[in-house]
Amino acid sequence: MNTGIPSFIEARLKLVRADFALDVDLQLPGQGVTALFGPSGCGKTSCLRSLAGLERAQGRVTVNQTVWQDDARKQWLPTHRRALGYVFQEASLFPHLSVQRNIDYGLRRTPVERRKVSQQRAVDLLGIGHLLDRMPATLSGGERQRVAMARALATSPEVLLMDEPLAALDAQRKAEVLPYLEQLQRQLQIPVIYVSHSMDEVARLAQHMVLLRAGQVVAQGPVTELLSSLDLPLAQGDLASSMVQASVQSHDAADHLSTLVFDGGRLQLVMAHARAAGSPVQLRVQARDVSLSLTRPEGSSILNILPVQVLDLREDGPGQAMVSLQTGSTRLLARITQHSARVLQLRPGMQVFAQIKGMALLD
Ligand SMILES: Nc1ncnc2c1ncn2[C@@H]1O[C@H](COP(=O)(O)OP(=O)(O)OP(=O)(O)O)[C@@H](O)[C@H]1O
C-alpha cells in the first residue's frame, strides 16, 4: 500500500543477466523481519546482494532516508560504507581469527558515534559467550552461524541482510539457531531482510513478505495477508496455510490443555509444556485441516469450532475449493471439496462455522 510516507527501505532495482532480469520496486518496513520468498532462481539472493551493493544493479536504494544508491544522480555507496550487516548461507568467518577477534573485526568498521549494539549485547543475544576463545574450525555449523550473526550485529547496522542463514544446517541445528533469531528480532529494533524458500521459516520469523517470481515482485505485504490471499500461489494447493497470533490465557494441567486467545476468538491446544499466562503463541493452521459447516456442530471430538465469515472462494485443483475466512482480524483458509462448497452454497459474506482439526505450534 502506498501511503505517501516513505518506507524505511525503498529500493528500485534492475539487473539484467543473460538469462535473467531482476526488476523490483520494494517498500520495506523499518522493523521486524521481511522475508524475500519465492522459488529457486527467482532472484532472492540477487535482490539482497543488489541492496547491499555487492551486485551492481541499476536504480535507487534509500535506507532510513539515507541514499545508498541513486544512479540518476550518480550516487553510489560501496558496501563497506552502507550501514548493513550481511549473513551468508555459510558463515564466512576469518579462519585465522578467534571468535572474539572475528567480532572485534566487525566492530572496528563502526564509528563510535554509530555504535548502538554493544559487543556484549550481541554476544549475549546469540549465546556465544562461552565460545569467544575458540577458533572457527572448532565450532559446529550452528555455532559458526551464531557467531556470524553476532559479528554482523556488532556493527550496529541500520538493517541486517540474511541470505538463507539456516540453509546449510541440518534440522536439529536449525532448531537450535531459530530461537536466537527470534530473540534478536524481539529485542532489537533492527529490521531484518531474510531470504528463504522455507515457508516454515517464513511463517515462524517474518511479519512482512516480498513474494518474488522470475525476478519480479508478485506481491508484498504482511505475511498473514499474503498467505491467505486467494489471488496468490501461497493460498493454493495442499500446503496452503494461515497463521494465528495468539496468547496463553490459561492451562489445564490435568489435560495438558492450554486455552489461547486471539483477535477472533479462543482456541484450545494440547501443550506438553505449560506456558505462563500472557505468553505469545504463533500457530500455523493448514487449510486442509479446516472444515466448514452451516450450523455449530454438536457432539464433535474437535475442540476448536469458530464462527467465521466467508470472504472469498476459488476452485483449487480438480474437485477442490479454497475458502478464505475471517474472524476478528484473523484470516483462515479452508480447503474443502467443490462438492461441499456447492452443497453448502458458500458465498462471500456468509456466516459459517470452521472446525479446526489440527494446528502446528511455531515457537
Ligand atoms: N553470478 C551470476 N552470474 C550469472 N547468473 C547468475 C549469477 N548468480 C545468479 N545467477 C542467475 O540469476 C538468477 C537468479 O539467481 P538468484 O541466486 O538470485 O536466485 P534465488 O532466488 O536466490 O535462488 P535460490 O533459492 O536457488 O538460491 C538465476 O537464474 C541464476 O542462475
# chains A, B, ... in the order shown; residues from 1 in each chain; ligands from 1
$ residues_around --residues "segment 248-262 of chain A" --least-positions-apart "5" --cutoff "10 Å" --atoms "only C-alpha atoms" --output "list in words"
Leu267, Gln268, Leu269, Val270, Met271, Ala272, His273, Ala274, Arg275, Ala276, Ala277, Gly278, Ser279, Pro280, Val281, Thr327, Gly328, Ser329 and Thr330 of chain A
$ write_last_selection --atoms "N, CA and C atoms" --output "PDB file, in the first residue's frame"
ATOM      1  N   LEU A 267      -8.922 -20.539  21.285  1.00  0.00           N
ATOM      2  CA  LEU A 267      -8.570 -21.857  20.768  1.00  0.00           C
ATOM      3  C   LEU A 267      -8.058 -22.691  21.925  1.00  0.00           C
ATOM      4  N   GLN A 268      -8.204 -24.001  21.800  1.00  0.00           N
ATOM      5  CA  GLN A 268      -7.622 -24.880  22.806  1.00  0.00           C
ATOM      6  C   GLN A 268      -6.596 -25.766  22.135  1.00  0.00           C
ATOM      7  N   LEU A 269      -5.482 -25.948  22.818  1.00  0.00           N
ATOM      8  CA  LEU A 269      -4.381 -26.682  22.212  1.00  0.00           C
ATOM      9  C   LEU A 269      -3.683 -27.518  23.276  1.00  0.00           C
ATOM     10  N   VAL A 270      -3.409 -28.771  22.933  1.00  0.00           N
ATOM     11  CA  VAL A 270      -2.627 -29.601  23.856  1.00  0.00           C
ATOM     12  C   VAL A 270      -1.187 -29.112  23.823  1.00  0.00           C
ATOM     13  N   MET A 271      -0.675 -28.737  24.977  1.00  0.00           N
ATOM     14  CA  MET A 271       0.716 -28.284  25.058  1.00  0.00           C
ATOM     15  C   MET A 271       1.416 -29.087  26.143  1.00  0.00           C
ATOM     16  N   ALA A 272       2.453 -29.789  25.737  1.00  0.00           N
ATOM     17  CA  ALA A 272       3.167 -30.656  26.687  1.00  0.00           C
ATOM     18  C   ALA A 272       3.746 -29.823  27.826  1.00  0.00           C
ATOM     19  N   HIS A 273       4.268 -28.619  27.473  1.00  0.00           N
ATOM     20  CA  HIS A 273       4.855 -27.757  28.500  1.00  0.00           C
ATOM     21  C   HIS A 273       4.004 -26.498  28.632  1.00  0.00           C
ATOM     22  N   ALA A 274       3.477 -26.315  29.821  1.00  0.00           N
ATOM     23  CA  ALA A 274       2.613 -25.150  30.040  1.00  0.00           C
ATOM     24  C   ALA A 274       3.417 -23.873  29.879  1.00  0.00           C
ATOM     25  N   ARG A 275       2.803 -22.848  29.338  1.00  0.00           N
ATOM     26  CA  ARG A 275       3.461 -21.534  29.266  1.00  0.00           C
ATOM     27  C   ARG A 275       2.683 -20.558  30.148  1.00  0.00           C
ATOM     28  N   ALA A 276       3.392 -19.554  30.619  1.00  0.00           N
ATOM     29  CA  ALA A 276       2.766 -18.580  31.508  1.00  0.00           C
ATOM     30  C   ALA A 276       1.631 -17.856  30.791  1.00  0.00           C
ATOM     31  N   ALA A 277       0.608 -17.496  31.578  1.00  0.00           N
ATOM     32  CA  ALA A 277      -0.497 -16.711  31.004  1.00  0.00           C
ATOM     33  C   ALA A 277       0.087 -15.444  30.392  1.00  0.00           C
ATOM     34  N   GLY A 278      -0.405 -15.100  29.214  1.00  0.00           N
ATOM     35  CA  GLY A 278       0.076 -13.898  28.540  1.00  0.00           C
ATOM     36  C   GLY A 278       1.193 -14.168  27.538  1.00  0.00           C
ATOM     37  N   SER A 279       1.802 -15.379  27.577  1.00  0.00           N
ATOM     38  CA  SER A 279       2.892 -15.673  26.627  1.00  0.00           C
ATOM     39  C   SER A 279       2.347 -15.679  25.204  1.00  0.00           C
ATOM     40  N   PRO A 280       3.115 -15.095  24.282  1.00  0.00           N
ATOM     41  CA  PRO A 280       2.658 -15.128  22.890  1.00  0.00           C
ATOM     42  C   PRO A 280       2.835 -16.530  22.289  1.00  0.00           C
ATOM     43  N   VAL A 281       1.928 -16.890  21.405  1.00  0.00           N
ATOM     44  CA  VAL A 281       1.977 -18.197  20.750  1.00  0.00           C
ATOM     45  C   VAL A 281       1.643 -17.995  19.280  1.00  0.00           C
ATOM     46  N   THR A 327     -12.229 -14.048  11.063  1.00  0.00           N
ATOM     47  CA  THR A 327     -12.834 -13.905  12.384  1.00  0.00           C
ATOM     48  C   THR A 327     -12.018 -12.860  13.124  1.00  0.00           C
ATOM     49  N   GLY A 328     -12.643 -11.806  13.601  1.00  0.00           N
ATOM     50  CA  GLY A 328     -11.887 -10.665  14.122  1.00  0.00           C
ATOM     51  C   GLY A 328     -10.995 -10.159  13.003  1.00  0.00           C
ATOM     52  N   SER A 329      -9.698  -9.937  13.313  1.00  0.00           N
ATOM     53  CA  SER A 329      -8.791  -9.512  12.249  1.00  0.00           C
ATOM     54  C   SER A 329      -8.001 -10.690  11.698  1.00  0.00           C
ATOM     55  N   THR A 330      -8.361 -11.898  12.115  1.00  0.00           N
ATOM     56  CA  THR A 330      -7.586 -13.085  11.734  1.00  0.00           C
ATOM     57  C   THR A 330      -8.185 -13.744  10.498  1.00  0.00           C
TER      58      THR A 330
END
$ closest_atom_pairs --of "chain A" --to "ligand 1" --cutoff "9 Å" --atoms "only C-alpha atoms and all ligand atoms" --output "Markdown table"
| residue | atom | partner | partner_atom_place_in_ligand_line | distance |
| --- | --- | --- | --- | --- |
| A:Val16 | CA | ligand 1 | 12 (O) | 8.9 |
| A:Arg17 | CA | ligand 1 | 5 (N) | 6.1 |
| A:Ala18 | CA | ligand 1 | 4 (C) | 7.1 |
| A:Asp19 | CA | ligand 1 | 29 (O) | 6.3 |
| A:Phe20 | CA | ligand 1 | 29 (O) | 5.4 |
| A:Ala21 | CA | ligand 1 | 12 (O) | 7.6 |
| A:Leu22 | CA | ligand 1 | 14 (C) | 7.8 |
| A:Leu36 | CA | ligand 1 | 21 (O) | 8.6 |
| A:Phe37 | CA | ligand 1 | 21 (O) | 7.8 |
| A:Gly38 | CA | ligand 1 | 21 (O) | 6.4 |
| A:Pro39 | CA | ligand 1 | 25 (O) | 6.0 |
| A:Ser40 | CA | ligand 1 | 26 (O) | 3.6 |
| A:Gly41 | CA | ligand 1 | 19 (O) | 3.5 |
| A:Cys42 | CA | ligand 1 | 21 (O) | 3.9 |
| A:Gly43 | CA | ligand 1 | 18 (O) | 3.2 |
| A:Lys44 | CA | ligand 1 | 22 (O) | 3.9 |
| A:Thr45 | CA | ligand 1 | 22 (O) | 3.7 |
| A:Ser46 | CA | ligand 1 | 18 (O) | 3.6 |
| A:Cys47 | CA | ligand 1 | 18 (O) | 6.4 |
| A:Leu48 | CA | ligand 1 | 18 (O) | 8.1 |
| A:Arg49 | CA | ligand 1 | 18 (O) | 8.3 |
| A:Glu55 | CA | ligand 1 | 1 (N) | 8.9 |
| A:Asp163 | CA | ligand 1 | 22 (O) | 8.2 |
| A:Glu164 | CA | ligand 1 | 27 (O) | 8.1 |
| A:Val195 | CA | ligand 1 | 22 (O) | 7.5 |
| A:Ser196 | CA | ligand 1 | 25 (O) | 7.1 |
| A:His197 | CA | ligand 1 | 25 (O) | 6.1 |
| A:Leu212 | CA | ligand 1 | 21 (O) | 7.9 |
| A:Arg213 | CA | ligand 1 | 21 (O) | 8.2 |
| A:Ala214 | CA | ligand 1 | 14 (C) | 7.9 |
| A:Gly215 | CA | ligand 1 | 14 (C) | 7.1 |
$ select_by_dssp --residues "segment 142-202 of chain A" --states "helix (DSSP H, G or I)" --output "ChimeraX atom specification"
/A:142-153,171-187,199-202
$ write_last_selection --atoms "N, CA and C atoms" --output "mmCIF file, in the first residue's frame"
data_model
loop_
_atom_site.group_PDB
_atom_site.id
_atom_site.type_symbol
_atom_site.label_atom_id
_atom_site.label_comp_id
_atom_site.auth_asym_id
_atom_site.auth_seq_id
_atom_site.Cartn_x
_atom_site.Cartn_y
_atom_site.Cartn_z
ATOM 1 N N GLY A 142 26.037 -24.656 13.467
ATOM 2 C CA GLY A 142 25.083 -23.747 14.112
ATOM 3 C C GLY A 142 25.799 -22.666 14.904
ATOM 4 N N GLU A 143 26.880 -23.071 15.599
ATOM 5 C CA GLU A 143 27.650 -22.090 16.386
ATOM 6 C C GLU A 143 28.316 -21.074 15.459
ATOM 7 N N ARG A 144 28.864 -21.580 14.349
ATOM 8 C CA ARG A 144 29.516 -20.662 13.394
ATOM 9 C C ARG A 144 28.526 -19.610 12.901
ATOM 10 N N GLN A 145 27.306 -20.085 12.622
ATOM 11 C CA GLN A 145 26.313 -19.155 12.092
ATOM 12 C C GLN A 145 25.910 -18.138 13.166
ATOM 13 N N ARG A 146 25.849 -18.575 14.422
ATOM 14 C CA ARG A 146 25.518 -17.630 15.505
ATOM 15 C C ARG A 146 26.619 -16.593 15.657
ATOM 16 N N VAL A 147 27.876 -17.020 15.504
ATOM 17 C CA VAL A 147 28.997 -16.067 15.582
ATOM 18 C C VAL A 147 28.888 -15.072 14.404
ATOM 19 N N ALA A 148 28.585 -15.587 13.230
ATOM 20 C CA ALA A 148 28.463 -14.696 12.062
ATOM 21 C C ALA A 148 27.372 -13.651 12.305
ATOM 22 N N MET A 149 26.277 -14.081 12.938
ATOM 23 C CA MET A 149 25.185 -13.137 13.230
ATOM 24 C C MET A 149 25.625 -12.116 14.267
ATOM 25 N N ALA A 150 26.343 -12.574 15.291
ATOM 26 C CA ALA A 150 26.817 -11.644 16.321
ATOM 27 C C ALA A 150 27.774 -10.630 15.705
ATOM 28 N N ARG A 151 28.629 -11.097 14.805
ATOM 29 C CA ARG A 151 29.588 -10.188 14.165
ATOM 30 C C ARG A 151 28.838 -9.130 13.340
ATOM 31 N N ALA A 152 27.806 -9.582 12.629
ATOM 32 C CA ALA A 152 27.026 -8.635 11.820
ATOM 33 C C ALA A 152 26.317 -7.627 12.730
ATOM 34 N N LEU A 153 25.792 -8.127 13.838
ATOM 35 C CA LEU A 153 25.054 -7.262 14.780
ATOM 36 C C LEU A 153 25.947 -6.223 15.441
ATOM 37 N N ALA A 171 18.332 -30.290 10.385
ATOM 38 C CA ALA A 171 17.103 -29.892 11.087
ATOM 39 C C ALA A 171 17.364 -29.572 12.559
ATOM 40 N N GLN A 172 18.240 -30.383 13.184
ATOM 41 C CA GLN A 172 18.490 -30.185 14.613
ATOM 42 C C GLN A 172 19.217 -28.858 14.869
ATOM 43 N N ARG A 173 20.221 -28.551 14.027
ATOM 44 C CA ARG A 173 20.967 -27.295 14.176
ATOM 45 C C ARG A 173 20.065 -26.094 13.883
ATOM 46 N N LYS A 174 19.189 -26.284 12.888
ATOM 47 C CA LYS A 174 18.227 -25.208 12.573
ATOM 48 C C LYS A 174 17.405 -24.884 13.802
ATOM 49 N N ALA A 175 16.882 -25.940 14.426
ATOM 50 C CA ALA A 175 16.025 -25.746 15.599
ATOM 51 C C ALA A 175 16.804 -25.065 16.722
ATOM 52 N N GLU A 176 18.117 -25.277 16.730
ATOM 53 C CA GLU A 176 18.974 -24.682 17.749
ATOM 54 C C GLU A 176 19.158 -23.174 17.490
ATOM 55 N N VAL A 177 19.280 -22.810 16.230
ATOM 56 C CA VAL A 177 19.597 -21.407 15.898
ATOM 57 C C VAL A 177 18.334 -20.535 15.845
ATOM 58 N N LEU A 178 17.223 -21.139 15.429
ATOM 59 C CA LEU A 178 15.993 -20.344 15.254
ATOM 60 C C LEU A 178 15.596 -19.501 16.467
ATOM 61 N N PRO A 179 15.643 -20.061 17.689
ATOM 62 C CA PRO A 179 15.255 -19.232 18.842
ATOM 63 C C PRO A 179 16.130 -17.987 18.998
ATOM 64 N N TYR A 180 17.419 -18.075 18.607
ATOM 65 C CA TYR A 180 18.291 -16.903 18.697
ATOM 66 C C TYR A 180 17.845 -15.826 17.708
ATOM 67 N N LEU A 181 17.453 -16.295 16.530
ATOM 68 C CA LEU A 181 16.966 -15.339 15.532
ATOM 69 C C LEU A 181 15.708 -14.630 16.021
ATOM 70 N N GLU A 182 14.843 -15.417 16.643
ATOM 71 C CA GLU A 182 13.601 -14.825 17.160
ATOM 72 C C GLU A 182 13.890 -13.823 18.268
ATOM 73 N N GLN A 183 14.801 -14.213 19.125
ATOM 74 C CA GLN A 183 15.208 -13.380 20.250
ATOM 75 C C GLN A 183 15.742 -12.037 19.749
ATOM 76 N N LEU A 184 16.613 -12.140 18.768
ATOM 77 C CA LEU A 184 17.264 -10.975 18.180
ATOM 78 C C LEU A 184 16.208 -9.996 17.645
ATOM 79 N N GLN A 185 15.227 -10.596 17.024
ATOM 80 C CA GLN A 185 14.169 -9.823 16.417
ATOM 81 C C GLN A 185 13.293 -9.128 17.466
ATOM 82 N N ARG A 186 13.046 -9.861 18.570
ATOM 83 C CA ARG A 186 12.197 -9.292 19.625
ATOM 84 C C ARG A 186 12.910 -8.198 20.393
ATOM 85 N N GLN A 187 14.235 -8.374 20.576
ATOM 86 C CA GLN A 187 14.959 -7.488 21.487
ATOM 87 C C GLN A 187 15.528 -6.248 20.826
ATOM 88 N N MET A 199 8.789 -22.125 3.782
ATOM 89 C CA MET A 199 7.601 -21.445 4.316
ATOM 90 C C MET A 199 7.534 -21.576 5.834
ATOM 91 N N ASP A 200 8.036 -22.676 6.389
ATOM 92 C CA ASP A 200 8.031 -22.829 7.845
ATOM 93 C C ASP A 200 8.843 -21.735 8.511
ATOM 94 N N GLU A 201 10.025 -21.467 7.936
ATOM 95 C CA GLU A 201 10.875 -20.412 8.487
ATOM 96 C C GLU A 201 10.194 -19.055 8.368
ATOM 97 N N VAL A 202 9.625 -18.805 7.203
ATOM 98 C CA VAL A 202 8.968 -17.515 6.972
ATOM 99 C C VAL A 202 7.821 -17.334 7.959
#
$ closest_residue --among "A:Ala72, A:Val218, A:Leu292, A:Leu332" --to "Ser242 of chain A" --atoms "only C-alpha atoms"
A:Leu332
$ residues_around --residues "Pro297 of chain A" --least-positions-apart "6" --cutoff "9 Å" --atoms "only C-alpha atoms" --output "VMD selection string"
chain A and resid 305 353 355
$ write_last_selection --atoms "C-alpha atoms" --output "PDB file, in the first residue's frame"
ATOM      1  CA  ILE A 305     -15.024 -24.604  16.358  1.00  0.00           C
ATOM      2  CA  PHE A 353     -18.523 -22.450  11.452  1.00  0.00           C
ATOM      3  CA  GLN A 355     -13.791 -26.707  12.599  1.00  0.00           C
TER       4      GLN A 355
END
$ residues_around --residues "Arg109 of chain A" --least-positions-apart "2" --cutoff "10 Å" --atoms "only C-alpha atoms" --output "short mmCIF file (atom, residue, chain, number, x, y, z; two decimals) with C-alpha atoms, in the first residue's frame"
data_model
loop_
_atom_site.label_atom_id
_atom_site.label_comp_id
_atom_site.auth_asym_id
_atom_site.auth_seq_id
_atom_site.Cartn_x
_atom_site.Cartn_y
_atom_site.Cartn_z
CA HIS A 80 31.56 -1.17 3.35
CA ARG A 81 30.05 2.32 3.70
CA ALA A 83 25.26 0.56 7.47
CA ASP A 104 36.12 -7.22 17.02
CA TYR A 105 36.79 -7.02 13.32
CA GLY A 106 33.11 -6.26 12.65
CA LEU A 107 33.07 -3.69 15.42
CA PRO A 111 32.45 4.64 14.13
CA VAL A 112 31.97 5.08 17.87
CA ALA A 154 28.08 -5.79 16.49
CA THR A 155 28.46 -3.32 13.62
CA SER A 156 25.14 -1.70 14.77
#
$ residues_around --residues "Phe8 of chain A" --least-positions-apart "6" --cutoff "7 Å" --atoms "only C-alpha atoms" --output "list in words"
Leu28, Pro29, Gly30, Val63 and Asn64 of chain A
$ select_by_dssp --residues "segment 120-337 of chain A" --states "strand (DSSP E or B)" --output "JSON list (two decimals) with C-alpha atoms, in the first residue's frame"
[["chain", "number", "residue", "atom", "x", "y", "z"],
["A", 159, "VAL", "CA", 19.47, -3.23, 8.54],
["A", 160, "LEU", "CA", 20.51, -6.89, 8.76],
["A", 161, "LEU", "CA", 20.53, -8.79, 5.48],
["A", 162, "MET", "CA", 20.41, -12.57, 5.84],
["A", 163, "ASP", "CA", 20.69, -14.97, 2.92],
["A", 192, "VAL", "CA", 15.96, -7.88, 9.05],
["A", 193, "ILE", "CA", 15.61, -8.83, 5.39],
["A", 194, "TYR", "CA", 15.64, -12.57, 5.27],
["A", 195, "VAL", "CA", 15.95, -14.69, 2.14],
["A", 196, "SER", "CA", 14.28, -18.06, 2.45],
["A", 208, "HIS", "CA", 6.31, -8.94, 6.23],
["A", 209, "MET", "CA", 6.96, -10.70, 2.94],
["A", 210, "VAL", "CA", 8.00, -9.96, -0.62],
["A", 211, "LEU", "CA", 6.91, -12.70, -2.96],
["A", 212, "LEU", "CA", 9.21, -12.95, -5.99],
["A", 213, "ARG", "CA", 8.81, -14.85, -9.22],
["A", 216, "GLN", "CA", 9.59, -9.66, -10.37],
["A", 217, "VAL", "CA", 7.58, -8.82, -7.26],
["A", 218, "VAL", "CA", 4.30, -10.75, -7.32],
["A", 219, "ALA", "CA", 3.14, -9.20, -4.03],
["A", 220, "GLN", "CA", 4.50, -7.54, -0.89],
["A", 221, "GLY", "CA", 2.77, -7.00, 2.45],
["A", 222, "PRO", "CA", 2.04, -8.58, 5.83],
["A", 241, "SER", "CA", -1.97, -22.48, 5.45],
["A", 242, "SER", "CA", -2.73, -19.45, 7.58],
["A", 243, "MET", "CA", -1.20, -18.00, 10.72],
["A", 244, "VAL", "CA", -2.79, -17.17, 14.04],
["A", 245, "GLN", "CA", -1.07, -14.91, 16.58],
["A", 246, "ALA", "CA", -2.45, -15.81, 19.99],
["A", 247, "SER", "CA", -1.53, -15.62, 23.64],
["A", 248, "VAL", "CA", -1.96, -18.06, 26.51],
["A", 249, "GLN", "CA", -4.97, -17.42, 28.71],
["A", 250, "SER", "CA", -4.85, -20.46, 30.98],
["A", 251, "HIS", "CA", -3.62, -24.04, 31.19],
["A", 252, "ASP", "CA", -5.38, -27.14, 32.43],
["A", 257, "LEU", "CA", -4.73, -28.30, 27.50],
["A", 258, "SER", "CA", -3.98, -24.60, 27.08],
["A", 259, "THR", "CA", -6.62, -22.04, 26.27],
["A", 260, "LEU", "CA", -5.35, -19.39, 23.85],
["A", 261, "VAL", "CA", -6.96, -16.10, 22.95],
["A", 262, "PHE", "CA", -6.51, -14.31, 19.66],
["A", 265, "GLY", "CA", -11.80, -15.90, 19.48],
["A", 266, "ARG", "CA", -10.38, -18.67, 21.63],
["A", 267, "LEU", "CA", -8.57, -21.86, 20.77],
["A", 268, "GLN", "CA", -7.62, -24.88, 22.81],
["A", 269, "LEU", "CA", -4.38, -26.68, 22.21],
["A", 270, "VAL", "CA", -2.63, -29.60, 23.86],
["A", 280, "PRO", "CA", 2.66, -15.13, 22.89],
["A", 281, "VAL", "CA", 1.98, -18.20, 20.75],
["A", 282, "GLN", "CA", 2.22, -18.47, 16.99],
["A", 283, "LEU", "CA", 0.16, -21.09, 15.25],
["A", 284, "ARG", "CA", 0.05, -22.34, 11.72],
["A", 285, "VAL", "CA", -3.26, -23.76, 10.55],
["A", 286, "GLN", "CA", -3.23, -25.80, 7.36],
["A", 290, "VAL", "CA", -10.18, -26.77, 8.40],
["A", 291, "SER", "CA", -13.70, -27.92, 7.52],
["A", 292, "LEU", "CA", -16.89, -25.86, 7.37],
["A", 293, "SER", "CA", -20.47, -26.32, 8.45],
["A", 304, "ASN", "CA", -11.91, -25.84, 18.07],
["A", 305, "ILE", "CA", -15.02, -24.60, 16.36],
["A", 306, "LEU", "CA", -15.16, -20.91, 15.44],
["A", 307, "PRO", "CA", -17.86, -18.76, 13.92],
["A", 308, "VAL", "CA", -16.31, -17.16, 10.82],
["A", 309, "GLN", "CA", -17.32, -15.14, 7.80],
["A", 310, "VAL", "CA", -16.62, -16.34, 4.25],
["A", 311, "LEU", "CA", -14.52, -13.72, 2.45],
["A", 312, "ASP", "CA", -13.98, -15.43, -0.86],
["A", 313, "LEU", "CA", -13.70, -18.82, -2.53],
["A", 314, "ARG", "CA", -11.92, -20.27, -5.56],
["A", 315, "GLU", "CA", -11.51, -23.55, -7.38],
["A", 320, "GLN", "CA", -11.16, -28.86, -4.58],
["A", 321, "ALA", "CA", -12.04, -25.35, -3.43],
["A", 322, "MET", "CA", -10.09, -22.87, -1.28],
["A", 323, "VAL", "CA", -12.19, -20.69, 1.01],
["A", 324, "SER", "CA", -10.79, -17.64, 2.79],
["A", 325, "LEU", "CA", -12.42, -16.83, 6.12],
["A", 326, "GLN", "CA", -12.27, -14.06, 8.67],
["A", 327, "THR", "CA", -12.83, -13.91, 12.38],
["A", 330, "THR", "CA", -7.59, -13.08, 11.73],
["A", 331, "ARG", "CA", -7.71, -14.79, 8.35],
["A", 332, "LEU", "CA", -8.08, -18.54, 7.95],
["A", 333, "LEU", "CA", -8.15, -20.80, 4.91],
["A", 334, "ALA", "CA", -10.25, -23.92, 4.44],
["A", 335, "ARG", "CA", -9.61, -26.40, 1.64],
["A", 336, "ILE", "CA", -12.79, -28.35, 1.02],
["A", 337, "THR", "CA", -14.26, -30.23, -1.93]]
$ residues_around --residues "Thr62 of chain A" --least-positions-apart "4" --cutoff "12 Å" --atoms "only C-alpha atoms" --output "MDAnalysis selection string"
chainID A and resid 6:13 25:28 30 51:53 66:71 75:77 82:83 158:159
$ write_last_selection --atoms "N, CA and C atoms" --output "short mmCIF file (atom, residue, chain, number, x, y, z; two decimals), in the first residue's frame"
data_model
loop_
_atom_site.label_atom_id
_atom_site.label_comp_id
_atom_site.auth_asym_id
_atom_site.auth_seq_id
_atom_site.Cartn_x
_atom_site.Cartn_y
_atom_site.Cartn_z
N PRO A 6 7.40 7.85 3.14
CA PRO A 6 8.45 6.96 2.65
C PRO A 6 8.65 5.78 3.59
N SER A 7 8.85 4.58 3.01
CA SER A 7 9.13 3.41 3.83
C SER A 7 10.57 3.50 4.31
N PHE A 8 10.88 2.73 5.32
CA PHE A 8 12.23 2.73 5.89
C PHE A 8 13.25 2.36 4.80
N ILE A 9 12.91 1.31 4.05
CA ILE A 9 13.78 0.92 2.93
C ILE A 9 12.98 1.05 1.64
N GLU A 10 13.52 1.80 0.70
CA GLU A 10 12.90 1.91 -0.62
C GLU A 10 13.95 1.52 -1.64
N ALA A 11 13.59 0.61 -2.50
CA ALA A 11 14.57 0.17 -3.49
C ALA A 11 13.90 -0.09 -4.83
N ARG A 12 14.45 0.56 -5.83
CA ARG A 12 14.00 0.32 -7.20
C ARG A 12 15.23 -0.23 -7.90
N LEU A 13 15.23 -1.50 -8.25
CA LEU A 13 16.46 -2.13 -8.75
C LEU A 13 16.22 -2.91 -10.04
N ASP A 25 10.58 -3.20 -7.21
CA ASP A 25 10.29 -1.93 -6.55
C ASP A 25 9.84 -2.31 -5.14
N LEU A 26 10.71 -2.08 -4.15
CA LEU A 26 10.42 -2.57 -2.80
C LEU A 26 10.16 -1.41 -1.85
N GLN A 27 9.18 -1.56 -1.00
CA GLN A 27 8.97 -0.63 0.12
C GLN A 27 8.90 -1.51 1.37
N LEU A 28 9.93 -1.42 2.19
CA LEU A 28 10.02 -2.35 3.32
C LEU A 28 10.02 -1.61 4.65
N GLY A 30 10.63 -0.61 8.70
CA GLY A 30 11.84 -0.42 9.49
C GLY A 30 11.86 -1.26 10.74
N LEU A 51 20.83 -4.90 -2.95
CA LEU A 51 20.59 -3.95 -1.86
C LEU A 51 21.88 -3.63 -1.13
N ALA A 52 22.73 -4.65 -0.98
CA ALA A 52 23.98 -4.48 -0.23
C ALA A 52 25.05 -3.78 -1.07
N GLY A 53 24.82 -3.68 -2.38
CA GLY A 53 25.86 -3.12 -3.24
C GLY A 53 26.91 -4.15 -3.61
N THR A 66 18.58 7.69 4.01
CA THR A 66 19.97 7.86 3.54
C THR A 66 20.07 7.20 2.17
N VAL A 67 20.64 7.93 1.21
CA VAL A 67 20.76 7.37 -0.14
C VAL A 67 21.97 6.45 -0.19
N TRP A 68 21.72 5.18 -0.53
CA TRP A 68 22.82 4.22 -0.70
C TRP A 68 23.22 4.17 -2.18
N GLN A 69 22.23 4.41 -3.01
CA GLN A 69 22.48 4.35 -4.44
C GLN A 69 21.42 5.20 -5.14
N ASP A 70 21.86 6.00 -6.09
CA ASP A 70 20.91 6.72 -6.94
C ASP A 70 21.60 6.97 -8.28
N ASP A 71 21.34 6.08 -9.21
CA ASP A 71 22.07 6.16 -10.48
C ASP A 71 21.73 7.42 -11.25
N GLN A 75 25.05 8.56 -7.66
CA GLN A 75 25.45 8.33 -6.26
C GLN A 75 25.56 6.84 -6.01
N TRP A 76 26.60 6.45 -5.34
CA TRP A 76 26.83 5.03 -5.07
C TRP A 76 27.70 4.89 -3.83
N LEU A 77 27.14 4.28 -2.80
CA LEU A 77 27.95 3.99 -1.62
C LEU A 77 28.46 2.56 -1.74
N ARG A 82 27.89 1.18 3.61
CA ARG A 82 26.46 1.06 3.88
C ARG A 82 26.30 0.45 5.28
N ALA A 83 25.40 1.04 6.08
CA ALA A 83 25.26 0.56 7.47
C ALA A 83 24.43 -0.72 7.47
N GLU A 158 21.95 -0.50 10.30
CA GLU A 158 20.58 0.02 10.14
C GLU A 158 19.67 -1.11 9.70
N VAL A 159 20.26 -2.10 9.02
CA VAL A 159 19.47 -3.23 8.54
C VAL A 159 20.37 -4.47 8.48
#
$ closest_residue --among "A:Leu362, A:Ala206, A:Val223, A:Leu139" --to "Ala235 of chain A" --atoms "only C-alpha atoms"
A:Val223
$ atom_distance --atom1 "atom CA of Asp263 of chain A" --atom2 "atom CA of Ser229 of chain A"
18.7 Å
$ closest_residue --among "A:Thr110, A:Gln189, A:Ser340, A:Thr295" --to "Leu84 of chain A" --atoms "only C-alpha atoms"
A:Thr110
$ atom_distance --atom1 "atom CA of Ile356 of chain A" --atom2 "atom CA of Gly237 of chain A"
17.8 Å
$ atom_distance --atom1 "atom CA of Ala354 of chain A" --atom2 "atom CA of Gly299 of chain A"
14.9 Å
